[in-house]
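Content type compact mmCIF, C-alpha atoms and all ligand atoms, from the file query.txt:
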```txt
# COMPACT_ATOMS: atom_id res chain seq x y z
CA MET A 1 0.00 0.00 0.00
CA PRO A 2 2.67 2.64 0.83
CA LEU A 3 4.04 1.99 -2.63
CA ILE A 4 0.69 2.91 -4.22
CA TYR A 5 0.46 6.10 -2.07
CA GLY A 6 3.98 6.95 -3.12
CA ILE A 7 3.18 6.54 -6.82
CA LEU A 8 -0.03 8.59 -6.44
CA PHE A 9 1.90 11.34 -4.60
CA ILE A 10 4.52 11.55 -7.34
CA LEU A 11 1.80 11.58 -10.00
CA ARG A 12 -0.05 14.40 -8.24
CA CYS A 13 3.15 16.44 -7.95
CA TYR A 14 3.87 15.87 -11.63
CA ILE A 15 0.39 16.95 -12.72
CA SER A 16 0.43 20.03 -10.43
CA LEU A 17 3.83 21.16 -11.65
CA ASN A 18 2.73 20.66 -15.22
CA ILE A 19 -0.36 22.78 -14.72
CA ILE A 20 1.63 25.52 -12.94
CA PHE A 21 4.40 25.65 -15.54
CA SER A 22 2.18 25.27 -18.57
CA GLY A 23 0.07 28.11 -17.15
CA ILE A 24 3.13 30.32 -16.77
CA ILE A 25 4.62 29.35 -20.09
CA VAL A 26 1.54 29.92 -22.23
CA ASN A 27 1.00 33.28 -20.55
CA LEU A 28 4.50 34.52 -21.27
CA PRO A 29 4.19 36.96 -24.19
CA ILE A 30 6.87 35.15 -26.16
CA PHE A 31 4.91 31.91 -26.13
CA ASN A 32 1.49 33.41 -26.54
CA MET A 33 0.55 32.60 -30.13
CA THR A 34 -2.24 35.17 -30.24
CA HIS A 35 0.42 37.87 -29.86
CA MET A 36 2.60 36.23 -32.49
CA LYS A 37 0.03 36.29 -35.30
CA ALA A 38 2.03 37.34 -38.31
CA GLN A 39 0.13 39.94 -40.26
CA LYS A 40 1.19 39.76 -43.86
CA TYR A 41 -1.37 42.22 -45.18
CA GLN A 42 -1.82 45.80 -44.00
CA HIS A 43 -4.22 47.05 -46.68
CA LEU A 44 -7.44 45.42 -47.81
CA PHE A 45 -8.93 46.64 -51.08
CA PHE A 46 -12.59 45.69 -51.52
CA ASP A 47 -14.70 45.67 -54.63
CA LEU A 48 -18.17 47.16 -53.93
CA ASP A 49 -20.88 45.81 -56.29
CA ARG A 50 -21.72 42.12 -55.81
CA THR A 51 -18.95 41.79 -53.18
CA LEU A 52 -20.30 43.91 -50.31
CA TRP A 53 -23.33 45.68 -51.80
CA ASP A 54 -25.92 43.24 -53.12
CA PHE A 55 -26.27 44.70 -56.61
CA ASP A 56 -28.77 42.15 -57.90
CA GLY A 57 -30.89 42.17 -54.74
CA ASN A 58 -31.02 45.98 -54.69
CA SER A 59 -31.72 46.08 -58.40
CA ARG A 60 -34.71 43.75 -58.00
CA ILE A 61 -36.12 45.79 -55.09
CA THR A 62 -35.77 48.96 -57.20
CA LEU A 63 -37.36 47.47 -60.30
CA ARG A 64 -40.32 46.18 -58.30
CA GLU A 65 -40.85 49.65 -56.83
CA ILE A 66 -40.74 51.27 -60.27
CA PHE A 67 -42.99 48.57 -61.74
CA GLU A 68 -45.64 49.45 -59.18
CA ASN A 69 -45.17 53.25 -59.23
CA ARG A 70 -45.31 53.42 -63.03
CA ASP A 71 -48.29 51.07 -63.13
CA LEU A 72 -46.52 48.73 -65.53
CA GLN A 73 -48.70 45.70 -64.81
CA GLN A 74 -51.62 47.59 -66.28
CA LYS A 75 -49.62 49.06 -69.18
CA LEU A 76 -47.77 45.87 -70.18
CA GLY A 77 -50.28 43.18 -69.29
CA THR A 78 -47.71 41.16 -67.36
CA ASP A 79 -46.83 40.74 -63.71
CA PHE A 80 -43.46 41.71 -62.24
CA ASP A 81 -41.94 38.22 -62.61
CA GLY A 82 -42.95 38.13 -66.28
CA PHE A 83 -41.31 41.52 -66.82
CA ILE A 84 -38.11 40.45 -65.05
CA ARG A 85 -37.90 37.22 -67.08
CA PHE A 86 -37.47 39.33 -70.21
CA TYR A 87 -35.62 42.32 -68.71
CA LYS A 88 -32.83 40.36 -67.00
CA PRO A 89 -31.34 38.54 -70.01
CA TYR A 90 -31.93 41.56 -72.26
CA ASN A 91 -30.05 43.82 -69.82
CA LEU A 92 -27.16 41.31 -69.70
CA GLN A 93 -27.05 41.13 -73.47
CA LEU A 94 -26.79 44.93 -73.68
CA TRP A 95 -24.04 44.95 -71.01
CA ASP A 96 -22.05 42.45 -73.10
CA GLN A 97 -22.40 44.72 -76.12
CA TYR A 98 -21.31 47.69 -74.00
CA LYS A 99 -18.23 45.84 -72.70
CA GLN A 100 -17.28 45.01 -76.26
CA GLY A 101 -17.54 48.69 -77.16
CA GLN A 102 -20.51 48.15 -79.51
CA ILE A 103 -22.92 50.51 -77.73
CA GLU A 104 -22.70 53.56 -75.45
CA LYS A 105 -23.71 53.54 -71.79
CA ALA A 106 -26.41 56.20 -72.33
CA TYR A 107 -28.03 53.98 -74.98
CA LEU A 108 -27.83 50.93 -72.70
CA SER A 109 -29.46 52.79 -69.80
CA VAL A 110 -32.60 53.58 -71.78
CA GLU A 111 -32.72 50.70 -74.26
CA ARG A 112 -32.87 47.99 -71.57
CA PHE A 113 -36.24 49.47 -70.59
CA ALA A 114 -37.37 50.61 -74.06
CA GLY A 115 -36.70 47.10 -75.42
CA SER A 116 -38.50 45.50 -72.48
CA LEU A 117 -41.55 47.74 -73.00
CA ARG A 118 -41.48 46.94 -76.74
CA HIS A 119 -41.37 43.23 -75.97
CA PHE A 120 -44.70 43.63 -74.20
CA GLY A 121 -46.15 45.70 -77.04
CA LEU A 122 -45.51 49.22 -75.74
CA ASP A 123 -43.37 51.45 -77.94
CA ASP A 124 -42.70 54.38 -75.58
CA VAL A 125 -39.17 55.77 -75.40
CA ASP A 126 -40.30 58.66 -73.17
CA LEU A 127 -41.57 56.25 -70.54
CA ALA A 128 -38.39 54.15 -70.88
CA THR A 129 -36.30 57.29 -70.33
CA LYS A 130 -38.29 58.12 -67.18
CA ILE A 131 -37.90 54.55 -65.89
CA SER A 132 -34.17 54.70 -66.60
CA LYS A 133 -33.88 57.91 -64.54
CA ASP A 134 -35.98 56.35 -61.75
CA TYR A 135 -33.71 53.33 -61.73
CA LEU A 136 -30.45 55.31 -61.60
CA THR A 137 -31.80 57.55 -58.84
CA ILE A 138 -33.49 54.95 -56.65
CA SER A 139 -31.14 51.97 -56.94
CA PRO A 140 -28.09 53.50 -55.16
CA THR A 141 -30.28 54.41 -52.19
CA LYS A 142 -31.00 50.75 -51.51
CA THR A 143 -29.07 49.22 -48.66
CA LYS A 144 -29.05 45.45 -49.05
CA LEU A 145 -25.58 44.08 -48.24
CA PHE A 146 -24.36 40.49 -48.34
CA PRO A 147 -24.69 38.53 -45.08
CA ASP A 148 -22.24 39.51 -42.33
CA ALA A 149 -20.73 42.38 -44.37
CA LEU A 150 -20.88 44.97 -41.58
CA GLU A 151 -19.85 42.52 -38.84
CA VAL A 152 -16.83 41.31 -40.84
CA LEU A 153 -15.72 44.88 -41.62
CA GLU A 154 -16.17 45.82 -37.97
CA THR A 155 -13.82 42.99 -36.95
CA LEU A 156 -11.25 43.70 -39.65
CA LYS A 157 -11.06 47.43 -39.07
CA ALA A 158 -9.09 46.89 -35.85
CA ASP A 159 -6.13 45.41 -37.73
CA TYR A 160 -6.28 46.68 -41.30
CA GLN A 161 -6.60 49.80 -43.38
CA MET A 162 -9.45 49.23 -45.78
CA HIS A 163 -10.23 50.82 -49.15
CA ILE A 164 -12.64 50.42 -52.06
CA ILE A 165 -11.73 49.94 -55.72
CA THR A 166 -14.85 50.03 -57.85
CA ASN A 167 -15.76 50.30 -61.51
CA GLY A 168 -18.49 52.88 -61.39
CA PHE A 169 -19.48 56.49 -61.33
CA ASN A 170 -18.64 58.66 -58.32
CA GLU A 171 -22.15 59.97 -57.93
CA VAL A 172 -23.72 56.53 -57.74
CA GLN A 173 -21.05 54.65 -55.76
CA PHE A 174 -20.74 57.29 -53.03
CA VAL A 175 -24.52 57.28 -52.52
CA LYS A 176 -24.44 53.48 -52.11
CA LEU A 177 -21.59 53.65 -49.59
CA GLU A 178 -23.27 56.38 -47.54
CA ASN A 179 -26.74 54.87 -47.47
CA SER A 180 -25.69 51.33 -46.68
CA GLY A 181 -23.47 52.33 -43.75
CA LEU A 182 -20.26 51.15 -45.42
CA MET A 183 -18.54 54.53 -45.75
CA PRO A 184 -17.00 54.79 -42.25
CA PHE A 185 -14.99 51.59 -42.76
CA PHE A 186 -12.98 52.84 -45.73
CA LYS A 187 -10.07 55.22 -45.89
CA ASN A 188 -9.83 55.62 -49.65
CA ILE A 189 -12.55 55.17 -52.24
CA ILE A 190 -11.17 54.71 -55.73
CA THR A 191 -13.65 54.73 -58.60
CA SER A 192 -12.84 54.05 -62.22
CA GLU A 193 -14.38 57.42 -63.06
CA MET A 194 -11.71 59.21 -60.98
CA ILE A 195 -8.87 58.00 -63.14
CA GLY A 196 -10.65 57.11 -66.37
CA VAL A 197 -9.51 53.49 -66.26
CA GLN A 198 -11.53 50.44 -65.22
CA LYS A 199 -10.54 47.22 -63.51
CA PRO A 200 -8.90 44.93 -64.69
CA LYS A 201 -6.42 47.55 -65.96
CA PRO A 202 -3.38 47.44 -63.62
CA GLU A 203 -3.29 51.25 -63.49
CA ILE A 204 -6.36 51.43 -61.23
CA PHE A 205 -4.78 49.04 -58.72
CA SER A 206 -1.45 50.91 -58.80
CA TYR A 207 -3.27 54.19 -58.35
CA ALA A 208 -5.24 52.80 -55.39
CA MET A 209 -2.07 51.51 -53.71
CA ALA A 210 -0.25 54.81 -54.26
CA GLN A 211 -3.19 56.74 -52.79
CA SER A 212 -3.13 54.45 -49.76
CA ASP A 213 0.67 54.43 -49.23
CA ALA A 214 0.52 50.66 -49.67
CA ASN A 215 2.98 48.38 -51.38
CA LYS A 216 1.78 45.36 -53.30
CA GLU A 217 3.26 42.76 -50.92
CA GLU A 218 1.09 44.02 -48.06
CA SER A 219 -2.04 44.54 -50.16
CA LEU A 220 -4.94 42.17 -50.70
CA MET A 221 -7.71 42.60 -53.28
CA ILE A 222 -11.12 41.15 -52.34
CA GLY A 223 -13.76 40.81 -55.05
CA ASP A 224 -16.39 38.74 -56.83
CA ASP A 225 -15.33 39.21 -60.45
CA GLN A 226 -12.65 36.87 -61.71
CA ASP A 227 -11.70 39.09 -64.65
CA SER A 228 -11.90 42.52 -63.08
CA ASP A 229 -10.84 41.82 -59.50
CA ILE A 230 -8.81 38.63 -59.48
CA ILE A 231 -6.90 38.61 -62.78
CA GLY A 232 -6.68 42.41 -62.58
CA ALA A 233 -5.07 42.31 -59.13
CA GLN A 234 -2.78 39.43 -60.17
CA ASN A 235 -1.47 41.55 -63.03
CA ALA A 236 -0.86 44.39 -60.59
CA GLY A 237 1.14 42.05 -58.31
CA MET A 238 -1.39 41.88 -55.47
CA ASP A 239 -2.69 38.79 -53.70
CA GLN A 240 -6.41 38.25 -54.11
CA VAL A 241 -9.50 36.76 -52.46
CA PHE A 242 -12.17 35.49 -54.85
CA VAL A 243 -15.55 35.97 -53.15
CA ASP A 244 -17.50 33.28 -54.94
CA PHE A 245 -21.09 33.45 -53.69
CA HIS A 246 -22.46 31.41 -56.61
CA HIS A 247 -19.85 28.65 -56.86
CA ASP A 248 -18.82 29.75 -60.33
CA PRO A 249 -16.38 27.71 -62.41
CA LEU A 250 -12.85 28.88 -61.65
CA LYS A 251 -11.03 30.59 -64.48
CA ALA A 252 -8.36 32.36 -62.47
CA ASN A 253 -6.13 30.89 -59.78
CA PRO A 254 -6.84 33.16 -56.81
CA THR A 255 -4.64 33.30 -53.72
CA TYR A 256 -7.74 32.61 -51.61
CA HIS A 257 -11.18 31.35 -52.61
CA ILE A 258 -14.17 31.85 -50.29
CA HIS A 259 -17.95 31.46 -50.53
CA GLN A 260 -19.14 33.86 -47.83
CA LEU A 261 -17.78 37.07 -46.37
CA LYS A 262 -17.27 35.69 -42.88
CA ASP A 263 -14.71 33.24 -44.35
CA LEU A 264 -12.42 36.30 -44.59
CA LEU A 265 -11.93 36.03 -40.84
CA ASN A 266 -10.30 32.62 -41.33
CA ILE A 267 -7.78 34.13 -43.73
CA LEU A 268 -7.05 37.42 -41.99
MG MG A 301 -18.13 43.25 -58.30
```

Step by step, read the file and then write its structure as structure tokens.
Ligand SMILES: [Mg+2]
Amino acid sequence: MPLIYGILFILRCYISLNIIFSGIIVNLPIFNMTHMKAQKYQHLFFDLDRTLWDFDGNSRITLREIFENRDLQQKLGTDFDGFIRFYKPYNLQLWDQYKQGQIEKAYLSVERFAGSLRHFGLDDVDLATKISKDYLTISPTKTKLFPDALEVLETLKADYQMHIITNGFNEVQFVKLENSGLMPFFKNIITSEMIGVQKPKPEIFSYAMAQSDANKEESLMIGDDQDSDIIGAQNAGMDQVFVDFHHDPLKANPTYHIHQLKDLLNIL
């Protein structure tokens, strides 16, 4: 029996010492891994539309509002879903033509509605022009963000300087940022209109980094568009996060690939 007590005593001493020393050791700053987190990136550059600001969701809310205010169900003989079924692909088709330089933006803005009205038998360019103005005025005031956007930015702002790089017009993009509560998180807002060059041109990324006193090694581009954001940032020498909400087929090879904004907290 004394032998068993002896073994138990030694075991208890061993465990106690272990607890005491492990407690001391893990609390020493040099061993505390939370203080040793290496922070590679200092500057986070976010895309706005379809990355933080839910462009398609806000667009749908806006179109529904206009559809009702302009009494389009009565005028076109279709319900909202019927209208959207034609409008959506027609709008995309016009955007493709615009990107290929075949049509001007002013034409696109009105024709997407004029063509949709025509499809339902109403040839009325005046009404289409009014709807286009409604859309451009109302849409940026909508505030639908992707899930966790504000919470993630709130967490990241403690450790990073954050900026926006967006293809868009100043007037519209600043209204979106203000209304949706995003503005206070960002130090620099770079729009393609400011410098006359759109993503994926490397110049817009270089300009954004210069404005932010950032070098490319410590900069990370976060966006939903593989051509504009990911390949664009790659060509500018920045690491990138592809925010892939829709599980699209990969055509670039991004540094990081996530499916929801809160996944950023696992990377950063
Ligand atoms: Mg985007």

Nearest residue to ligand MG 301 (chain A) out of A:Gly237, A:Pro249, A:Gly168, A:Pro254, using all atoms listed in the file? A:Gly168

Per-residue nearest contacts of chain A to ligand MG 301 (chain A) (12 Å; all atoms listed in the file) as JSON lines:
```
{"residue": "A:Phe46", "atom": "CA", "partner": "A:MG301", "partner_atom": "MG", "distance": 9.1}
{"residue": "A:Asp47", "atom": "CA", "partner": "A:MG301", "partner_atom": "MG", "distance": 5.6}
{"residue": "A:Leu48", "atom": "CA", "partner": "A:MG301", "partner_atom": "MG", "distance": 5.9}
{"residue": "A:Asp49", "atom": "CA", "partner": "A:MG301", "partner_atom": "MG", "distance": 4.3}
{"residue": "A:Arg50", "atom": "CA", "partner": "A:MG301", "partner_atom": "MG", "distance": 4.5}
{"residue": "A:Thr51", "atom": "CA", "partner": "A:MG301", "partner_atom": "MG", "distance": 5.4}
{"residue": "A:Leu52", "atom": "CA", "partner": "A:MG301", "partner_atom": "MG", "distance": 8.3}
{"residue": "A:Trp53", "atom": "CA", "partner": "A:MG301", "partner_atom": "MG", "distance": 8.7}
{"residue": "A:Asp54", "atom": "CA", "partner": "A:MG301", "partner_atom": "MG", "distance": 9.4}
{"residue": "A:Phe55", "atom": "CA", "partner": "A:MG301", "partner_atom": "MG", "distance": 8.4}
{"residue": "A:Asp56", "atom": "CA", "partner": "A:MG301", "partner_atom": "MG", "distance": 10.7}
{"residue": "A:Ile164", "atom": "CA", "partner": "A:MG301", "partner_atom": "MG", "distance": 11.0}
{"residue": "A:Ile165", "atom": "CA", "partner": "A:MG301", "partner_atom": "MG", "distance": 9.6}
{"residue": "A:Thr166", "atom": "CA", "partner": "A:MG301", "partner_atom": "MG", "distance": 7.5}
{"residue": "A:Asn167", "atom": "CA", "partner": "A:MG301", "partner_atom": "MG", "distance": 8.1}
{"residue": "A:Gly168", "atom": "CA", "partner": "A:MG301", "partner_atom": "MG", "distance": 10.1}
{"residue": "A:Gln198", "atom": "CA", "partner": "A:MG301", "partner_atom": "MG", "distance": 12.0}
{"residue": "A:Lys199", "atom": "CA", "partner": "A:MG301", "partner_atom": "MG", "distance": 10.0}
{"residue": "A:Pro200", "atom": "CA", "partner": "A:MG301", "partner_atom": "MG", "distance": 11.4}
{"residue": "A:Met221", "atom": "CA", "partner": "A:MG301", "partner_atom": "MG", "distance": 11.6}
{"residue": "A:Ile222", "atom": "CA", "partner": "A:MG301", "partner_atom": "MG", "distance": 9.4}
{"residue": "A:Gly223", "atom": "CA", "partner": "A:MG301", "partner_atom": "MG", "distance": 6.0}
{"residue": "A:Asp224", "atom": "CA", "partner": "A:MG301", "partner_atom": "MG", "distance": 5.1}
{"residue": "A:Asp225", "atom": "CA", "partner": "A:MG301", "partner_atom": "MG", "distance": 5.4}
{"residue": "A:Gln226", "atom": "CA", "partner": "A:MG301", "partner_atom": "MG", "distance": 9.1}
{"residue": "A:Asp227", "atom": "CA", "partner": "A:MG301", "partner_atom": "MG", "distance": 9.9}
{"residue": "A:Ser228", "atom": "CA", "partner": "A:MG301", "partner_atom": "MG", "distance": 7.9}
{"residue": "A:Asp229", "atom": "CA", "partner": "A:MG301", "partner_atom": "MG", "distance": 7.5}
{"residue": "A:Ile230", "atom": "CA", "partner": "A:MG301", "partner_atom": "MG", "distance": 10.5}
{"residue": "A:Phe242", "atom": "CA", "partner": "A:MG301", "partner_atom": "MG", "distance": 10.4}
{"residue": "A:Val243", "atom": "CA", "partner": "A:MG301", "partner_atom": "MG", "distance": 9.3}
{"residue": "A:Asp244", "atom": "CA", "partner": "A:MG301", "partner_atom": "MG", "distance": 10.5}
{"residue": "A:Phe245", "atom": "CA", "partner": "A:MG301", "partner_atom": "MG", "distance": 11.2}
```

Separation of atom CA of Gly196 of chain A and atom CA of Leu94 of chain A, in Å? 21.5 Å

Give me, as JSON lines, each residue of segment 121-154 of chain A that comes within 12 Å of segment 61-70 of chain A, together with its shortest interatomic pair and the distance in Å at one decimal, counting all atoms listed in the file, with rows ordered by chain and rising residue number.
```
{"residue": "A:Leu127", "atom": "CA", "partner": "A:Arg70", "partner_atom": "CA", "distance": 8.9}
{"residue": "A:Ala128", "atom": "CA", "partner": "A:Arg70", "partner_atom": "CA", "distance": 10.5}
{"residue": "A:Lys130", "atom": "CA", "partner": "A:Arg70", "partner_atom": "CA", "distance": 9.4}
{"residue": "A:Ile131", "atom": "CA", "partner": "A:Ile66", "partner_atom": "CA", "distance": 7.1}
{"residue": "A:Ser132", "atom": "CA", "partner": "A:Ile66", "partner_atom": "CA", "distance": 9.7}
{"residue": "A:Lys133", "atom": "CA", "partner": "A:Ile66", "partner_atom": "CA", "distance": 10.5}
{"residue": "A:Asp134", "atom": "CA", "partner": "A:Ile66", "partner_atom": "CA", "distance": 7.1}
{"residue": "A:Tyr135", "atom": "CA", "partner": "A:Thr62", "partner_atom": "CA", "distance": 6.6}
{"residue": "A:Leu136", "atom": "CA", "partner": "A:Thr62", "partner_atom": "CA", "distance": 9.4}
{"residue": "A:Thr137", "atom": "CA", "partner": "A:Thr62", "partner_atom": "CA", "distance": 9.6}
{"residue": "A:Ile138", "atom": "CA", "partner": "A:Thr62", "partner_atom": "CA", "distance": 6.4}
{"residue": "A:Ser139", "atom": "CA", "partner": "A:Thr62", "partner_atom": "CA", "distance": 5.5}
{"residue": "A:Pro140", "atom": "CA", "partner": "A:Thr62", "partner_atom": "CA", "distance": 9.2}
{"residue": "A:Thr141", "atom": "CA", "partner": "A:Thr62", "partner_atom": "CA", "distance": 9.2}
{"residue": "A:Lys142", "atom": "CA", "partner": "A:Thr62", "partner_atom": "CA", "distance": 7.6}
{"residue": "A:Thr143", "atom": "CA", "partner": "A:Ile61", "partner_atom": "CA", "distance": 10.1}
{"residue": "A:Lys144", "atom": "CA", "partner": "A:Ile61", "partner_atom": "CA", "distance": 9.3}
```

With C-alpha atoms kept, could you save the residues just selected as a PDB file, keeping the file's coordinate frame?
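Result went into result_21.pdb, see below:
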```
ATOM      1  CA  LEU A 127     -41.570  56.250 -70.540  1.00  0.00           C
ATOM      2  CA  ALA A 128     -38.390  54.150 -70.880  1.00  0.00           C
ATOM      3  CA  LYS A 130     -38.290  58.120 -67.180  1.00  0.00           C
ATOM      4  CA  ILE A 131     -37.900  54.550 -65.890  1.00  0.00           C
ATOM      5  CA  SER A 132     -34.170  54.700 -66.600  1.00  0.00           C
ATOM      6  CA  LYS A 133     -33.880  57.910 -64.540  1.00  0.00           C
ATOM      7  CA  ASP A 134     -35.980  56.350 -61.750  1.00  0.00           C
ATOM      8  CA  TYR A 135     -33.710  53.330 -61.730  1.00  0.00           C
ATOM      9  CA  LEU A 136     -30.450  55.310 -61.600  1.00  0.00           C
ATOM     10  CA  THR A 137     -31.800  57.550 -58.840  1.00  0.00           C
ATOM     11  CA  ILE A 138     -33.490  54.950 -56.650  1.00  0.00           C
ATOM     12  CA  SER A 139     -31.140  51.970 -56.940  1.00  0.00           C
ATOM     13  CA  PRO A 140     -28.090  53.500 -55.160  1.00  0.00           C
ATOM     14  CA  THR A 141     -30.280  54.410 -52.190  1.00  0.00           C
ATOM     15  CA  LYS A 142     -31.000  50.750 -51.510  1.00  0.00           C
ATOM     16  CA  THR A 143     -29.070  49.220 -48.660  1.00  0.00           C
ATOM     17  CA  LYS A 144     -29.050  45.450 -49.050  1.00  0.00           C
TER      18      LYS A 144
END
```

If you count all atoms listed in the file, which residues fall within 8 Å of segment 78-88 of chain A, apart from same-chain ones fewer than 6 positions away, as a VMD selection string? chain A and resid 64 67 72 112 to 113 116 119 to 120

Report the distance between atom CA of Thr255 of chain A and atom CA of Leu182 of chain A in Å, rounded to one decimal place.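 Atom-to-atom, atom CA of Thr255 of chain A and atom CA of Leu182 of chain A are spaced 25.1 Å apart.
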
Figure out the distance between atom CA of Tyr41 of chain A and atom CA of Glu217 of chain A, please, to one decimal in Å.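 For atom CA of Glu217 of chain A relative to atom CA of Tyr41 of chain A, the distance reads 7.4 Å.
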
Taking (-7.7, 44.4, -43.1) in the file's own coordinates, collect the residues within 12 Å, counting only C-alpha atoms, and hand them back as a ChimeraX atom specification. /A:39-46,152-164,185-187,218-222,264-265,267-268

Write the residues you've just listed into a file as a short mmCIF file (atom, residue, chain, number, x, y, z; two decimals), keeping the file's coordinate frame, and include C-alpha atoms for each of them.
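Saved file out-v4.cif follows:
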```
data_model
loop_
_atom_site.label_atom_id
_atom_site.label_comp_id
_atom_site.auth_asym_id
_atom_site.auth_seq_id
_atom_site.Cartn_x
_atom_site.Cartn_y
_atom_site.Cartn_z
CA GLN A 39 0.13 39.94 -40.26
CA LYS A 40 1.19 39.76 -43.86
CA TYR A 41 -1.37 42.22 -45.18
CA GLN A 42 -1.82 45.80 -44.00
CA HIS A 43 -4.22 47.05 -46.68
CA LEU A 44 -7.44 45.42 -47.81
CA PHE A 45 -8.93 46.64 -51.08
CA PHE A 46 -12.59 45.69 -51.52
CA VAL A 152 -16.83 41.31 -40.84
CA LEU A 153 -15.72 44.88 -41.62
CA GLU A 154 -16.17 45.82 -37.97
CA THR A 155 -13.82 42.99 -36.95
CA LEU A 156 -11.25 43.70 -39.65
CA LYS A 157 -11.06 47.43 -39.07
CA ALA A 158 -9.09 46.89 -35.85
CA ASP A 159 -6.13 45.41 -37.73
CA TYR A 160 -6.28 46.68 -41.30
CA GLN A 161 -6.60 49.80 -43.38
CA MET A 162 -9.45 49.23 -45.78
CA HIS A 163 -10.23 50.82 -49.15
CA ILE A 164 -12.64 50.42 -52.06
CA PHE A 185 -14.99 51.59 -42.76
CA PHE A 186 -12.98 52.84 -45.73
CA LYS A 187 -10.07 55.22 -45.89
CA GLU A 218 1.09 44.02 -48.06
CA SER A 219 -2.04 44.54 -50.16
CA LEU A 220 -4.94 42.17 -50.70
CA MET A 221 -7.71 42.60 -53.28
CA ILE A 222 -11.12 41.15 -52.34
CA LEU A 264 -12.42 36.30 -44.59
CA LEU A 265 -11.93 36.03 -40.84
CA ILE A 267 -7.78 34.13 -43.73
CA LEU A 268 -7.05 37.42 -41.99
#
```

Near Leu76 of chain A, counting all atoms listed in the file, which residues have an atom at most 8 Å away, once you skip same-chain residues fewer than 5 positions from it, shown as a PyMOL selection string? chain A and resi 117+120-122
